[in-house]
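Please read the structure below before turning to the comments.
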Amino acid sequence: VAHPDQGKSNENGTQPEYLVSKFIYNKEANTYTCPQGQTLTTTGSWHKKTGRTEESGYMYQKYRTPACKTCPVKDQCTSRKGGREIDRSQYADAVEENHQRYKDNPQLYRKRQEINEHIFGTIKRKWGYNYTDLIGLEKV
């Protein structure tokens, strides 16, 4: 599974240097450190994120800091009046471990994509989604 690039940058809010990926997570303290050196903490409460079905939901914690109120770069980090807020899923550790395995061995994951993608294309075709199974303009 591809590692998500959390957050989006836009001209009226978060700039690329303040995306969630630029915040450093401290597992022992269960905190985030922002690019400005401020610590975002959680109350420890878990919140429920609902999906399309009950089974597709997950739990997450919210991280905030009161330092956002006086931060000189707040407008580059967030457009939220209350300051920056980061959500961390119950599955975040597993996602990060998987991403590290991918970075350590990208050729194995590339091979896996080549093997599995064809199978899913074939299944979809059998279900009546009659798109082409070929790749590249010349083959199509």
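Chains: A, B, ... in order of the structure tokens. Residues: from 1 per chain. Ligands: from 1, in order shown.
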Inset, instruction - Could you pull out the residues in chain A that DSSP calls strand (DSSP E or B) from the backbone, as a list in words? - result: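 Result set for chain A (strand (DSSP E or B)): Ile24, Tyr25, Asn26, Thr31, Tyr32, Thr33, Thr39, Leu40, Thr41, His47, Lys48, Lys49, Tyr58, Met59, Tyr60, Gln61, Lys62, Tyr63, Arg64, Ile86, Asp87, Arg88 and Ser89 of chain A.
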Please save N, CA and C atoms of the selected residues as an mmCIF file, in the first residue's frame.
```cif
data_model
loop_
_atom_site.group_PDB
_atom_site.id
_atom_site.type_symbol
_atom_site.label_atom_id
_atom_site.label_comp_id
_atom_site.auth_asym_id
_atom_site.auth_seq_id
_atom_site.Cartn_x
_atom_site.Cartn_y
_atom_site.Cartn_z
ATOM 1 N N ILE A 24 7.847 15.847 13.514
ATOM 2 C CA ILE A 24 8.561 14.661 13.996
ATOM 3 C C ILE A 24 7.782 14.038 15.155
ATOM 4 N N TYR A 25 7.480 12.747 14.990
ATOM 5 C CA TYR A 25 6.740 12.032 16.033
ATOM 6 C C TYR A 25 7.710 11.396 17.016
ATOM 7 N N ASN A 26 7.456 11.587 18.313
ATOM 8 C CA ASN A 26 8.242 10.977 19.381
ATOM 9 C C ASN A 26 7.376 9.890 20.005
ATOM 10 N N THR A 31 4.226 12.480 21.327
ATOM 11 C CA THR A 31 4.085 13.888 20.953
ATOM 12 C C THR A 31 4.625 14.101 19.537
ATOM 13 N N TYR A 32 4.264 15.223 18.954
ATOM 14 C CA TYR A 32 4.833 15.679 17.687
ATOM 15 C C TYR A 32 5.613 16.959 17.953
ATOM 16 N N THR A 33 6.688 17.174 17.203
ATOM 17 C CA THR A 33 7.431 18.426 17.254
ATOM 18 C C THR A 33 7.298 19.083 15.894
ATOM 19 N N THR A 39 6.047 21.630 20.739
ATOM 20 C CA THR A 39 5.572 20.274 20.981
ATOM 21 C C THR A 39 4.054 20.229 20.966
ATOM 22 N N LEU A 40 3.525 19.342 20.135
ATOM 23 C CA LEU A 40 2.085 19.111 20.082
ATOM 24 C C LEU A 40 1.783 17.874 20.905
ATOM 25 N N THR A 41 0.849 17.994 21.833
ATOM 26 C CA THR A 41 0.517 16.888 22.725
ATOM 27 C C THR A 41 -0.930 16.458 22.503
ATOM 28 N N HIS A 47 -10.657 9.117 19.332
ATOM 29 C CA HIS A 47 -11.838 9.558 18.602
ATOM 30 C C HIS A 47 -12.132 8.546 17.500
ATOM 31 N N LYS A 48 -13.384 8.427 17.143
ATOM 32 C CA LYS A 48 -13.800 7.461 16.117
ATOM 33 C C LYS A 48 -13.972 8.170 14.782
ATOM 34 N N LYS A 49 -13.270 7.672 13.774
ATOM 35 C CA LYS A 49 -13.437 8.154 12.403
ATOM 36 C C LYS A 49 -14.297 7.126 11.696
ATOM 37 N N TYR A 58 -11.996 3.823 11.989
ATOM 38 C CA TYR A 58 -10.804 3.596 12.798
ATOM 39 C C TYR A 58 -10.732 4.636 13.907
ATOM 40 N N MET A 59 -9.830 4.412 14.845
ATOM 41 C CA MET A 59 -9.648 5.316 15.977
ATOM 42 C C MET A 59 -8.416 6.193 15.740
ATOM 43 N N TYR A 60 -8.449 7.411 16.277
ATOM 44 C CA TYR A 60 -7.300 8.302 16.146
ATOM 45 C C TYR A 60 -7.229 9.249 17.340
ATOM 46 N N GLN A 61 -6.039 9.802 17.549
ATOM 47 C CA GLN A 61 -5.825 10.807 18.587
ATOM 48 C C GLN A 61 -5.512 12.144 17.925
ATOM 49 N N LYS A 62 -5.880 13.240 18.594
ATOM 50 C CA LYS A 62 -5.607 14.583 18.094
ATOM 51 C C LYS A 62 -4.439 15.187 18.881
ATOM 52 N N TYR A 63 -3.572 15.900 18.172
ATOM 53 C CA TYR A 63 -2.410 16.554 18.780
ATOM 54 C C TYR A 63 -2.488 18.049 18.499
ATOM 55 N N ARG A 64 -2.276 18.855 19.551
ATOM 56 C CA ARG A 64 -2.344 20.316 19.435
ATOM 57 C C ARG A 64 -1.315 20.951 20.361
ATOM 58 N N ILE A 86 -3.131 17.779 14.450
ATOM 59 C CA ILE A 86 -2.701 16.589 13.721
ATOM 60 C C ILE A 86 -3.469 15.394 14.262
ATOM 61 N N ASP A 87 -3.969 14.568 13.355
ATOM 62 C CA ASP A 87 -4.637 13.325 13.733
ATOM 63 C C ASP A 87 -3.670 12.176 13.500
ATOM 64 N N ARG A 88 -3.572 11.266 14.483
ATOM 65 C CA ARG A 88 -2.721 10.075 14.342
ATOM 66 C C ARG A 88 -3.582 8.838 14.514
ATOM 67 N N SER A 89 -3.650 8.036 13.468
ATOM 68 C CA SER A 89 -4.477 6.832 13.434
ATOM 69 C C SER A 89 -3.912 5.752 14.350
#
```
Inset, instruction - Measuring atom to atom with only C-alpha atoms, identify which of A:Leu108, A:Lys69, A:Pro16, A:Lys27 is nearest to Glu96 (chain A). - result: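 Looking at the shortest contact to Glu96 (chain A), the residue is A:Lys27.
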Inset, instruction - Just give me the gap between CA of Cys34 (chain A) and CA of Gly82 (chain A) in Å, one decimal is fine. - result: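 Those two atoms sit 15.6 Å apart.
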Legend entry - Filtered DSSP result for region 39-88 of chain A, state alpha helix (DSSP H), as a list of chain:residue names: A:Lys74, A:Asp75, A:Gln76, A:Cys77
Inset, instruction - May I ask for the distance between CA of Leu19 (chain A) and CA of Ala94 (chain A), given in Å to one decimal place? - result: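 Result for CA of Leu19 (chain A) versus CA of Ala94 (chain A): 20.2 Å, one decimal.
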Legend entry - Minimum-distance residue to Arg84 (chain A), chosen among A:Gln38, A:Asn30, A:Asn98, A:Thr43 (using only C-alpha atoms): A:Gln38
Legend entry - Pro35 (chain A) surroundings by only C-alpha atoms, 8 Å radius, close-in-sequence under 3 positions cut, as a ChimeraX atom specification: /A:17-18,22-23,38
May I have the residues from that selection written out with C-alpha atoms, as a PDB file, in the first residue's frame?
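Dumped to result29.pdb:
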```pdb
ATOM      1  CA  GLU A  17       7.400  22.937   4.587  1.00  0.00           C
ATOM      2  CA  TYR A  18       4.609  22.546   7.172  1.00  0.00           C
ATOM      3  CA  LYS A  22       7.652  17.605   8.341  1.00  0.00           C
ATOM      4  CA  PHE A  23       6.479  17.130  11.952  1.00  0.00           C
ATOM      5  CA  GLN A  38       6.995  23.473  19.448  1.00  0.00           C
TER       6      GLN A  38
END
```
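Between Gly57 (chain A) and the residues A:Gln90, A:Tyr129, A:Arg112, A:Glu28, the shortest atom-to-atom distance, using only C-alpha atoms, involves A:Gln90.
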